[in-house]
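Shown here: model-v8.tsv, TSV, C-alpha atoms.
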chain	number	residue	atom	x	y	z
A	1	MET	CA	-11.90	40.17	-55.94
A	2	MET	CA	-9.51	37.51	-54.75
A	3	LEU	CA	-7.90	39.95	-52.39
A	4	ARG	CA	-11.17	40.92	-50.80
A	5	PHE	CA	-12.11	37.30	-50.33
A	6	SER	CA	-8.95	36.46	-48.42
A	7	ARG	CA	-9.37	39.60	-46.35
A	8	LEU	CA	-12.69	38.25	-45.21
A	9	LEU	CA	-11.63	34.66	-44.89
A	10	LEU	CA	-8.43	35.07	-42.93
A	11	PRO	CA	-9.96	36.71	-39.86
A	12	ALA	CA	-12.65	34.06	-39.94
A	13	LEU	CA	-9.99	31.34	-39.98
A	14	PHE	CA	-8.09	32.93	-37.13
A	15	ALA	CA	-11.30	33.24	-35.19
A	16	LEU	CA	-11.74	29.48	-35.46
A	17	CYS	CA	-8.23	28.67	-34.20
A	18	PRO	CA	-9.00	28.73	-30.45
A	19	LEU	CA	-11.79	26.23	-31.07
A	20	ALA	CA	-9.41	23.85	-32.81
A	21	VAL	CA	-6.94	24.08	-29.92
A	22	ALA	CA	-9.64	23.44	-27.35
A	23	ALA	CA	-10.85	20.40	-29.29
A	24	ALA	CA	-7.33	18.95	-29.44
A	25	ASP	CA	-6.97	19.34	-25.70
A	26	ALA	CA	-10.22	17.61	-24.92
A	27	VAL	CA	-9.68	14.53	-27.04
A	28	PRO	CA	-7.19	12.44	-25.03
A	29	THR	CA	-9.11	12.19	-21.77
A	30	GLU	CA	-12.80	12.61	-22.56
A	31	MET	CA	-13.42	12.64	-18.82
A	32	ASP	CA	-14.66	15.07	-16.27
A	33	PRO	CA	-11.79	16.95	-14.59
A	34	VAL	CA	-12.15	15.15	-11.24
A	35	ALA	CA	-11.88	11.69	-12.78
A	36	ALA	CA	-9.04	12.85	-15.02
A	37	ALA	CA	-7.14	14.16	-11.99
A	38	ARG	CA	-7.72	10.83	-10.25
A	39	ALA	CA	-6.39	8.96	-13.26
A	40	VAL	CA	-3.25	11.09	-13.36
A	41	LYS	CA	-2.69	10.67	-9.62
A	42	LEU	CA	-3.00	6.89	-9.91
A	43	ALA	CA	-0.73	6.77	-12.93
A	44	GLU	CA	1.91	8.73	-11.01
A	45	LYS	CA	1.93	6.09	-8.27
A	46	LEU	CA	2.61	3.27	-10.69
A	47	ARG	CA	5.91	2.36	-12.24
A	48	CYS	CA	6.20	1.71	-15.95
A	49	LEU	CA	7.83	-1.71	-16.21
A	50	VAL	CA	9.31	-1.06	-19.60
A	51	CYS	CA	11.26	2.02	-18.56
A	52	GLN	CA	11.35	1.34	-14.81
A	53	ASN	CA	12.44	4.79	-13.70
A	54	GLN	CA	9.39	6.55	-15.04
A	55	SER	CA	5.86	6.41	-13.78
A	56	ILE	CA	3.04	5.33	-16.03
A	57	ALA	CA	2.01	8.98	-16.15
A	58	ASP	CA	5.42	10.11	-17.41
A	59	SER	CA	6.20	7.34	-19.82
A	60	ASN	CA	5.46	7.33	-23.51
A	61	ALA	CA	6.01	3.58	-23.78
A	62	GLU	CA	3.24	1.68	-25.49
A	63	LEU	CA	2.55	-0.35	-22.35
A	64	ALA	CA	2.25	2.79	-20.22
A	65	ASN	CA	-0.21	4.14	-22.74
A	66	ASP	CA	-2.29	0.95	-22.51
A	67	LEU	CA	-2.19	1.02	-18.71
A	68	ARG	CA	-3.28	4.66	-18.62
A	69	ARG	CA	-6.20	3.63	-20.79
A	70	GLN	CA	-6.94	0.78	-18.36
A	71	ILE	CA	-6.96	3.22	-15.46
A	72	ARG	CA	-9.33	5.58	-17.29
A	73	GLU	CA	-11.64	2.74	-18.28
A	74	GLN	CA	-11.74	1.36	-14.78
A	75	ILE	CA	-12.45	4.76	-13.28
A	76	ALA	CA	-15.25	5.16	-15.80
A	77	ALA	CA	-16.52	1.74	-14.72
A	78	GLY	CA	-16.73	3.02	-11.15
A	79	LYS	CA	-13.77	1.15	-9.65
A	80	SER	CA	-12.16	2.56	-6.53
A	81	ASP	CA	-8.50	3.60	-6.43
A	82	SER	CA	-7.48	0.61	-4.35
A	83	GLU	CA	-9.28	-1.76	-6.70
A	84	ILE	CA	-7.32	-0.32	-9.62
A	85	VAL	CA	-4.03	-0.54	-7.75
A	86	ASP	CA	-4.83	-4.17	-6.83
A	87	TYR	CA	-5.53	-4.87	-10.49
A	88	MET	CA	-2.04	-3.65	-11.39
A	89	VAL	CA	-0.31	-5.43	-8.50
A	90	ASN	CA	-2.03	-8.73	-9.36
A	91	ARG	CA	-0.53	-8.55	-12.82
A	92	TYR	CA	2.84	-6.88	-12.39
A	93	GLY	CA	3.64	-7.45	-8.71
A	94	ASP	CA	4.54	-5.02	-5.95
A	95	PHE	CA	7.26	-3.64	-8.19
A	96	VAL	CA	4.71	-1.45	-9.99
A	97	LEU	CA	4.17	0.47	-6.78
A	98	TYR	CA	6.57	3.31	-6.13
A	99	ARG	CA	5.54	2.99	-2.50
A	100	PRO	CA	5.92	-0.69	-1.63
A	101	PRO	CA	3.45	-2.18	0.88
A	102	PHE	CA	4.61	-3.02	4.38
A	103	LYS	CA	4.77	-6.80	4.68
A	104	LEU	CA	7.10	-9.59	5.75
A	105	THR	CA	9.32	-9.38	2.67
A	106	THR	CA	9.64	-5.62	2.87
A	107	VAL	CA	10.23	-5.28	6.62
A	108	VAL	CA	13.96	-4.71	6.10
A	109	LEU	CA	13.21	-2.09	3.48
A	110	TRP	CA	10.88	-0.11	5.68
A	111	ALA	CA	12.40	-0.65	9.12
A	112	GLY	CA	16.06	-0.87	8.07
A	113	PRO	CA	16.88	2.84	7.94
A	114	ALA	CA	15.13	3.53	11.27
A	115	LEU	CA	16.89	0.59	12.92
A	116	LEU	CA	20.28	1.70	11.61
A	117	LEU	CA	19.71	5.25	12.81
A	118	GLY	CA	18.52	4.07	16.23
A	119	GLY	CA	21.40	1.60	16.53
A	120	GLY	CA	23.92	4.25	15.59
A	121	PHE	CA	22.44	6.60	18.16
A	122	LEU	CA	22.65	3.93	20.90
A	123	VAL	CA	26.29	3.20	20.10
A	124	LEU	CA	27.02	6.91	20.19
A	125	VAL	CA	25.35	7.39	23.60
A	126	ARG	CA	27.10	4.36	25.06
A	127	ASN	CA	30.49	5.44	23.84
A	128	LEU	CA	30.00	8.96	25.15
A	129	ARG	CA	28.99	7.67	28.58
A	130	ARG	CA	31.90	5.25	28.82
A	131	ARG	CA	34.53	7.73	27.81
A	132	PRO	CA	36.44	8.62	30.99
A	133	VAL	CA	35.91	12.23	31.95
A	134	ALA	CA	39.29	13.93	31.59
A	135	ASP	CA	40.81	14.71	34.98
A	136	SER	CA	41.65	18.39	34.83
A	137	SER	CA	43.46	18.61	38.14
A	138	LEU	CA	47.22	18.34	37.97
A	139	THR	CA	49.52	16.50	40.26
A	140	ALA	CA	52.08	18.50	42.19
A	141	GLU	CA	54.79	17.27	39.88
A	142	GLU	CA	52.89	18.37	36.76
A	143	ARG	CA	52.18	21.73	38.32
A	144	GLU	CA	55.83	22.26	38.96
A	145	GLN	CA	56.67	21.24	35.42
A	146	ALA	CA	54.08	23.61	34.02
A	147	ALA	CA	55.28	26.46	36.14
A	148	HIS	CA	58.80	25.71	35.02
A	149	LEU	CA	57.81	25.82	31.36
A	150	LEU	CA	55.57	28.82	31.57
A	151	GLY	CA	56.79	31.08	34.27
A	152	GLU	CA	60.44	30.61	35.05
A	153	ASP	CA	61.64	30.11	31.51
A	154	ASN	CA	59.71	33.14	30.33
A	155	GLY	CA	62.22	35.62	31.48
A	156	LYS	CA	65.20	33.74	30.12
A	157	ASP	CA	63.73	33.24	26.66
A	158	ASP	CA	62.73	36.85	26.27
A	159	LYS	CA	65.17	39.00	24.51
B	160	MET	CA	42.23	-8.65	19.63
B	161	ASN	CA	39.21	-6.65	20.56
B	162	LYS	CA	36.10	-8.54	19.45
B	163	LYS	CA	34.19	-5.30	18.97
B	164	LEU	CA	36.39	-4.40	16.06
B	165	LEU	CA	34.94	-7.40	14.24
B	166	ILE	CA	31.43	-5.90	14.22
B	167	PRO	CA	32.05	-3.32	11.49
B	168	LEU	CA	33.89	-5.98	9.52
B	169	ALA	CA	30.90	-8.32	9.82
B	170	ILE	CA	28.52	-5.56	8.70
B	171	PHE	CA	30.79	-4.81	5.77
B	172	ILE	CA	30.94	-8.46	4.72
B	173	VAL	CA	27.13	-8.83	4.84
B	174	LEU	CA	26.65	-5.62	2.85
B	175	ALA	CA	29.32	-6.59	0.34
B	176	GLY	CA	27.64	-9.98	0.00
B	177	PHE	CA	24.31	-8.36	-0.92
B	178	LEU	CA	25.93	-5.99	-3.38
B	179	PHE	CA	28.00	-8.79	-4.90
B	180	ALA	CA	24.92	-10.95	-5.44
B	181	GLY	CA	23.20	-7.91	-6.93
B	182	LEU	CA	25.81	-7.68	-9.67
B	183	TRP	CA	24.37	-10.74	-11.35
B	184	ARG	CA	20.74	-9.84	-11.11
B	185	ASP	CA	18.95	-8.29	-14.01
B	186	PRO	CA	16.96	-5.28	-12.81
B	187	ARG	CA	14.70	-5.61	-15.83
B	188	GLU	CA	13.56	-9.01	-14.68
B	189	VAL	CA	10.65	-8.42	-12.38
B	190	PRO	CA	9.39	-11.56	-10.64
B	191	SER	CA	5.85	-12.25	-11.76
B	192	PRO	CA	3.14	-12.46	-9.13
B	193	LEU	CA	1.35	-14.92	-11.41
B	194	ILE	CA	3.69	-17.84	-10.69
B	195	ASN	CA	1.69	-20.69	-9.13
B	196	LYS	CA	-1.53	-18.81	-9.81
B	197	PRO	CA	-4.21	-19.86	-12.29
B	198	ALA	CA	-3.41	-18.62	-15.78
B	199	PRO	CA	-5.76	-15.76	-16.70
B	200	GLN	CA	-8.56	-17.00	-18.93
B	201	PHE	CA	-8.75	-15.95	-22.54
B	202	ALA	CA	-10.43	-17.01	-25.75
B	203	LEU	CA	-9.04	-15.25	-28.80
B	204	ALA	CA	-9.37	-15.48	-32.56
B	205	GLN	CA	-6.75	-17.63	-34.21
B	206	LEU	CA	-4.23	-15.95	-36.47
B	207	ASN	CA	-4.71	-18.44	-39.31
B	208	ASP	CA	-8.43	-18.86	-38.79
B	209	PRO	CA	-9.98	-15.73	-37.29
B	210	ALA	CA	-13.43	-17.31	-37.23
B	211	THR	CA	-12.29	-19.92	-34.68
B	212	LYS	CA	-11.27	-19.09	-31.17
B	213	LEU	CA	-8.74	-20.80	-28.99
B	214	GLY	CA	-8.45	-20.27	-25.29
B	215	THR	CA	-7.14	-21.50	-21.97
B	216	VAL	CA	-10.10	-23.88	-21.71
B	217	ASP	CA	-8.98	-25.77	-24.83
B	218	MET	CA	-5.54	-26.35	-23.35
B	219	LYS	CA	-6.70	-27.77	-20.05
B	220	GLY	CA	-5.40	-31.23	-19.20
B	221	GLN	CA	-2.05	-30.77	-20.88
B	222	VAL	CA	1.18	-29.01	-20.13
B	223	TRP	CA	1.69	-26.17	-22.60
B	224	LEU	CA	3.78	-23.14	-23.34
B	225	LEU	CA	2.32	-19.73	-23.99
B	226	ASN	CA	4.80	-17.72	-26.01
B	227	VAL	CA	4.15	-14.01	-26.43
B	228	TRP	CA	5.52	-12.77	-29.74
B	229	ALA	CA	4.93	-10.14	-32.40
B	230	SER	CA	6.13	-9.42	-35.89
B	231	TRP	CA	7.48	-6.06	-34.71
B	232	CYS	CA	9.46	-7.67	-31.89
B	233	VAL	CA	13.18	-7.71	-32.58
B	234	SER	CA	14.35	-10.06	-29.85
B	235	CYS	CA	11.68	-12.58	-30.87
B	236	ARG	CA	13.96	-13.39	-33.80
B	237	GLU	CA	16.63	-14.35	-31.32
B	238	GLU	CA	14.60	-17.10	-29.66
B	239	HIS	CA	12.68	-18.19	-32.72
B	240	PRO	CA	15.07	-20.93	-33.97
B	241	LEU	CA	14.94	-22.51	-30.51
B	242	LEU	CA	11.14	-22.53	-30.59
B	243	VAL	CA	11.11	-24.04	-34.08
B	244	ALA	CA	13.48	-26.79	-32.92
B	245	LEU	CA	11.37	-27.37	-29.83
B	246	ALA	CA	8.25	-27.67	-31.96
B	247	GLN	CA	9.96	-30.18	-34.24
B	248	ALA	CA	10.87	-32.30	-31.22
B	249	LYS	CA	7.14	-32.35	-30.36
B	250	VAL	CA	7.81	-32.20	-26.65
B	251	VAL	CA	5.15	-29.71	-25.68
B	252	PRO	CA	2.45	-27.74	-27.49
B	253	ILE	CA	3.34	-24.07	-27.93
B	254	VAL	CA	0.55	-21.54	-28.19
B	255	GLY	CA	1.61	-18.22	-29.67
B	256	LEU	CA	0.08	-15.00	-28.43
B	257	ASP	CA	0.55	-12.52	-31.25
B	258	TYR	CA	0.72	-9.42	-29.08
B	259	LYS	CA	-0.45	-6.04	-30.40
B	260	ASP	CA	0.08	-7.12	-33.97
B	261	GLU	CA	-1.82	-7.10	-37.23
B	262	PRO	CA	-2.80	-10.42	-38.87
B	263	GLY	CA	-1.02	-9.58	-42.14
B	264	PRO	CA	2.47	-8.88	-40.79
B	265	GLY	CA	2.03	-11.67	-38.23
B	266	LYS	CA	1.37	-14.29	-40.90
B	267	THR	CA	4.19	-13.00	-43.10
B	268	TRP	CA	6.58	-13.16	-40.17
B	269	LEU	CA	5.70	-16.78	-39.46
B	270	ALA	CA	5.99	-17.67	-43.14
B	271	GLN	CA	9.48	-16.17	-43.23
B	272	ASN	CA	10.82	-17.46	-39.94
B	273	GLY	CA	8.97	-20.75	-39.52
B	274	ASP	CA	5.88	-21.43	-37.47
B	275	PRO	CA	6.59	-23.33	-34.26
B	276	TYR	CA	3.12	-22.77	-32.85
B	277	THR	CA	0.41	-25.34	-32.43
B	278	THR	CA	-1.87	-22.34	-32.76
B	279	SER	CA	-1.34	-18.60	-32.66
B	280	VAL	CA	-4.02	-16.31	-31.35
B	281	MET	CA	-4.39	-12.59	-31.87
B	282	ASP	CA	-4.20	-10.20	-28.94
B	283	ARG	CA	-4.64	-7.11	-31.03
B	284	ASP	CA	-5.32	-4.58	-28.30
B	285	GLY	CA	-2.92	-6.19	-25.81
B	286	SER	CA	-5.52	-6.73	-23.12
B	287	VAL	CA	-4.65	-10.41	-22.61
B	288	GLY	CA	-1.03	-9.30	-22.44
B	289	ILE	CA	-1.94	-6.98	-19.56
B	290	ASP	CA	-3.75	-9.85	-17.80
B	291	TYR	CA	-0.56	-11.89	-18.04
B	292	GLY	CA	1.58	-9.00	-16.85
B	293	VAL	CA	3.48	-8.88	-20.12
B	294	TYR	CA	5.87	-5.95	-20.25
B	295	GLY	CA	8.65	-7.11	-22.53
B	296	VAL	CA	8.03	-9.27	-25.56
B	297	PRO	CA	9.01	-12.06	-25.94
B	298	GLU	CA	7.78	-13.74	-22.81
B	299	THR	CA	7.04	-17.40	-22.27
B	300	PHE	CA	4.83	-19.05	-19.70
B	301	VAL	CA	4.87	-22.71	-18.71
B	302	ILE	CA	1.32	-23.74	-17.79
B	303	ASP	CA	0.52	-27.08	-16.18
B	304	LYS	CA	-2.35	-29.52	-16.68
B	305	SER	CA	-4.57	-27.78	-14.17
B	306	GLY	CA	-4.04	-24.43	-15.86
B	307	THR	CA	-1.60	-23.01	-13.32
B	308	ILE	CA	1.34	-20.87	-14.41
B	309	ARG	CA	4.52	-22.57	-13.21
B	310	TYR	CA	7.27	-20.54	-14.83
B	311	LYS	CA	7.74	-17.31	-16.70
B	312	GLN	CA	10.62	-16.54	-19.00
B	313	ILE	CA	11.04	-12.81	-19.47
B	314	GLY	CA	12.80	-11.92	-22.68
B	315	PRO	CA	14.04	-14.39	-25.27
B	316	ILE	CA	14.37	-18.05	-24.38
B	317	THR	CA	18.02	-19.05	-24.31
B	318	GLN	CA	19.48	-22.49	-24.90
B	319	ASP	CA	20.52	-22.45	-21.27
B	320	ALA	CA	17.06	-21.54	-19.92
B	321	LEU	CA	15.46	-24.11	-22.19
B	322	GLU	CA	17.70	-26.99	-21.14
B	323	LYS	CA	18.08	-26.14	-17.48
B	324	LYS	CA	14.68	-24.77	-16.55
B	325	ILE	CA	11.91	-25.07	-19.10
B	326	LEU	CA	12.39	-28.61	-20.41
B	327	PRO	CA	13.03	-30.26	-17.01
B	328	LEU	CA	9.99	-28.47	-15.62
B	329	VAL	CA	7.82	-29.50	-18.57
B	330	ARG	CA	8.88	-33.15	-18.21
B	331	GLU	CA	8.23	-33.12	-14.50
B	332	LEU	CA	4.79	-31.54	-14.97
B	333	GLN	CA	3.89	-34.00	-17.72
B	334	LYS	CA	4.57	-36.89	-15.35
B	335	SER	CA	2.32	-35.64	-12.63
Rewrite the coordinates I just gave you, this time as structure tokens.
Amino acid sequence: MMLRFSRLLLPALFALCPLAVAAADAVPTEMDPVAAARAVKLAEKLRCLVCQNQSIADSNAELANDLRRQIREQIAAGKSDSEIVDYMVNRYGDFVLYRPPFKLTTVVLWAGPALLLGGGFLVLVRNLRRRPVADSSLTAEEREQAAHLLGEDNGKDDK
Amino acid sequence: MNKKLLIPLAIFIVLAGFLFAGLWRDPREVPSPLINKPAPQFALAQLNDPATKLGTVDMKGQVWLLNVWASWCVSCREEHPLLVALAQAKVVPIVGLDYKDEPGPGKTWLAQNGDPYTTSVMDRDGSVGIDYGVYGVPETFVIDKSGTIRYKQIGPITQDALEKKILPLVRELQKS
């Protein structure tokens, strides 16, 4: 009797398993896929200040968790991406952005590499232009010397 | 000597200067954008009297410190004796923001370590903490009479920070 019962019950239990898995997946976001994708994309752009080298999307820090929740709530409230980013910047500063904005204090950061590359290129061009072109023609004296080294001594050195 | 040879040397010195200065900077200390901005408004239930709220409005007209702490916060223990001493000196009111904490452990912690706070309020879900850009407890804000944040200490208050920055600033703000 017991055996028959478990024979019936087990398949039924296994049949329920996929449902349980699907339910577990759905719990954390509770959002439509488009909004969820937006939330993830935003979270990837923002730095977690506790761990600094991880984005809010990657980090398991408590604060990152809270900020992910903030992002989801604000998306649900109909805020635009830039409004949400502004919300974060107003609280944590430009440092939360992995891509810092272009402004007076970040000019060196943005323009520096291009300026260095351009400057290096200019120096290179100038130096190449200035370098005297090697004079390939020989004076009579040099010619004689060369002939002496190459031609006349050839015979003597050969054994 | 050829003056052009000095150019790479100059570049090196400038670069070395930046790197050298960088050695003494703490990368975990992110300058707050809230300095010289109005302190975000809040009104939260008090730890010792949950029925009563205390908020930024109640503190207007005086210079005050907002100290973010929690019973689970290890480095809060480090700064706590300094806060207790500061409270005993009665220089400036200190409001405690019990960040992401439960009332029970919070009260026990204060009973064990001493309560330097004029009032502690509960930020159980951490939303006020987010408004203040809190990312590492403890943090301390100096807020002036008009309700503007004038200084933020990230991490535990040290004797040095207290004597050289916080107290002189508090005295100066109290005069104005």
Residues of chain A near chain B: apply a cut-off of 12 Å, count all atoms listed in the file, and supply the list as a PyMOL selection string.
-> chain A and resi 47-53+61-70+86-96+116+120+123
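Across the structure, CA of Val250 in chain B and CA of Thr215 in chain B are spaced 19.0 Å apart.
Here CA of Gly176 in chain B is placed at a distance of 15.9 Å from CA of Val108 in chain A.
In this model, the gap between CA of Ala37 in chain A and CA of Ala57 in chain A comes to 11.3 Å.
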Nearby residues (only C-alpha atoms) at most 9 Å from Pro262 in chain B, same-chain spacing under 4 positions excluded, as a ChimeraX atom specification | /B:206-207,257,266-267,281,283
Saved selection, atoms kept: C-alpha atoms, as an mmCIF file, keeping the file's coordinate frame:
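Wrote part06.cif, looks like this:
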data_model
loop_
_atom_site.group_PDB
_atom_site.id
_atom_site.type_symbol
_atom_site.label_atom_id
_atom_site.label_comp_id
_atom_site.auth_asym_id
_atom_site.auth_seq_id
_atom_site.Cartn_x
_atom_site.Cartn_y
_atom_site.Cartn_z
ATOM 1 C CA LEU B 206 -4.230 -15.950 -36.470
ATOM 2 C CA ASN B 207 -4.710 -18.440 -39.310
ATOM 3 C CA ASP B 257 0.550 -12.520 -31.250
ATOM 4 C CA LYS B 266 1.370 -14.290 -40.900
ATOM 5 C CA THR B 267 4.190 -13.000 -43.100
ATOM 6 C CA MET B 281 -4.390 -12.590 -31.870
ATOM 7 C CA ARG B 283 -4.640 -7.110 -31.030
#
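Using only C-alpha atoms, the smallest distance between any of B:Gly265, B:Leu164, B:Ala180, B:Val254 and Leu224 in chain B comes from B:Val254.
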Contacts of range 325-330 of chain B at 10 Å (only C-alpha atoms; same-chain gap of 2+ positions) as number ranges by chain | B: 222-224, 245, 250-251, 299-303, 309-312, 316, 318-323, 332-335
Closest to Asp58 in chain A among A:Ile75, A:Leu97, A:Val125, A:Val40, using all atoms listed in the file?
-> A:Val40
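Nearest residue to Pro275 in chain B, choosing from B:Trp228, B:Trp183, B:Phe201, B:Tyr258 and counting all atoms listed in the file: B:Trp228.
With all atoms listed in the file as the basis for measurement, B:Asp274 is the residue among B:Asp282, B:Glu331, B:Asp274, B:Glu298 that approaches Leu242 in chain B most closely.
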Could you add N, CA and C atoms to range 177-198 of chain B and give me the result as a tab-separated table (two decimals), in the coordinates of the input?
chain	number	residue	atom	x	y	z
B	177	PHE	N	25.54	-8.77	-0.22
B	177	PHE	CA	24.31	-8.36	-0.92
B	177	PHE	C	24.64	-7.68	-2.24
B	178	LEU	N	25.59	-6.75	-2.18
B	178	LEU	CA	25.93	-5.99	-3.38
B	178	LEU	C	26.52	-6.90	-4.45
B	179	PHE	N	27.36	-7.86	-3.99
B	179	PHE	CA	28.00	-8.79	-4.90
B	179	PHE	C	26.95	-9.64	-5.62
B	180	ALA	N	25.98	-10.14	-4.84
B	180	ALA	CA	24.92	-10.95	-5.44
B	180	ALA	C	24.12	-10.10	-6.41
B	181	GLY	N	23.97	-8.81	-6.09
B	181	GLY	CA	23.20	-7.91	-6.93
B	181	GLY	C	23.82	-7.69	-8.31
B	182	LEU	N	25.13	-7.89	-8.39
B	182	LEU	CA	25.81	-7.68	-9.67
B	182	LEU	C	25.28	-8.60	-10.75
B	183	TRP	N	24.80	-9.77	-10.36
B	183	TRP	CA	24.37	-10.74	-11.35
B	183	TRP	C	22.87	-10.77	-11.54
B	184	ARG	N	22.20	-9.85	-10.96
B	184	ARG	CA	20.74	-9.84	-11.11
B	184	ARG	C	20.35	-8.81	-12.14
B	185	ASP	N	19.40	-9.18	-12.96
B	185	ASP	CA	18.95	-8.29	-14.01
B	185	ASP	C	17.80	-7.43	-13.48
B	186	PRO	N	18.02	-6.13	-13.37
B	186	PRO	CA	16.96	-5.28	-12.81
B	186	PRO	C	15.72	-5.23	-13.70
B	187	ARG	N	15.86	-5.63	-14.95
B	187	ARG	CA	14.70	-5.61	-15.83
B	187	ARG	C	13.80	-6.82	-15.62
B	188	GLU	N	14.34	-7.80	-14.87
B	188	GLU	CA	13.56	-9.01	-14.68
B	188	GLU	C	12.75	-8.91	-13.39
B	189	VAL	N	11.51	-8.60	-13.54
B	189	VAL	CA	10.65	-8.42	-12.38
B	189	VAL	C	9.90	-9.73	-12.11
B	190	PRO	N	10.08	-10.30	-10.92
B	190	PRO	CA	9.39	-11.56	-10.64
B	190	PRO	C	7.88	-11.42	-10.80
B	191	SER	N	7.28	-12.36	-11.49
B	191	SER	CA	5.85	-12.25	-11.76
B	191	SER	C	5.04	-12.74	-10.57
B	192	PRO	N	4.00	-12.01	-10.22
B	192	PRO	CA	3.14	-12.46	-9.13
B	192	PRO	C	2.22	-13.59	-9.58
B	193	LEU	N	2.28	-13.93	-10.87
B	193	LEU	CA	1.35	-14.92	-11.41
B	193	LEU	C	1.86	-16.36	-11.27
B	194	ILE	N	3.14	-16.50	-10.85
B	194	ILE	CA	3.69	-17.84	-10.69
B	194	ILE	C	2.87	-18.60	-9.64
B	195	ASN	N	2.52	-19.83	-9.98
B	195	ASN	CA	1.69	-20.69	-9.13
B	195	ASN	C	0.28	-20.16	-8.92
B	196	LYS	N	-0.14	-19.29	-9.82
B	196	LYS	CA	-1.53	-18.81	-9.81
B	196	LYS	C	-2.20	-19.32	-11.08
B	197	PRO	N	-3.51	-19.42	-11.07
B	197	PRO	CA	-4.21	-19.86	-12.29
B	197	PRO	C	-3.93	-18.90	-13.45
B	198	ALA	N	-3.66	-19.46	-14.61
B	198	ALA	CA	-3.41	-18.62	-15.78
B	198	ALA	C	-4.69	-17.85	-16.12
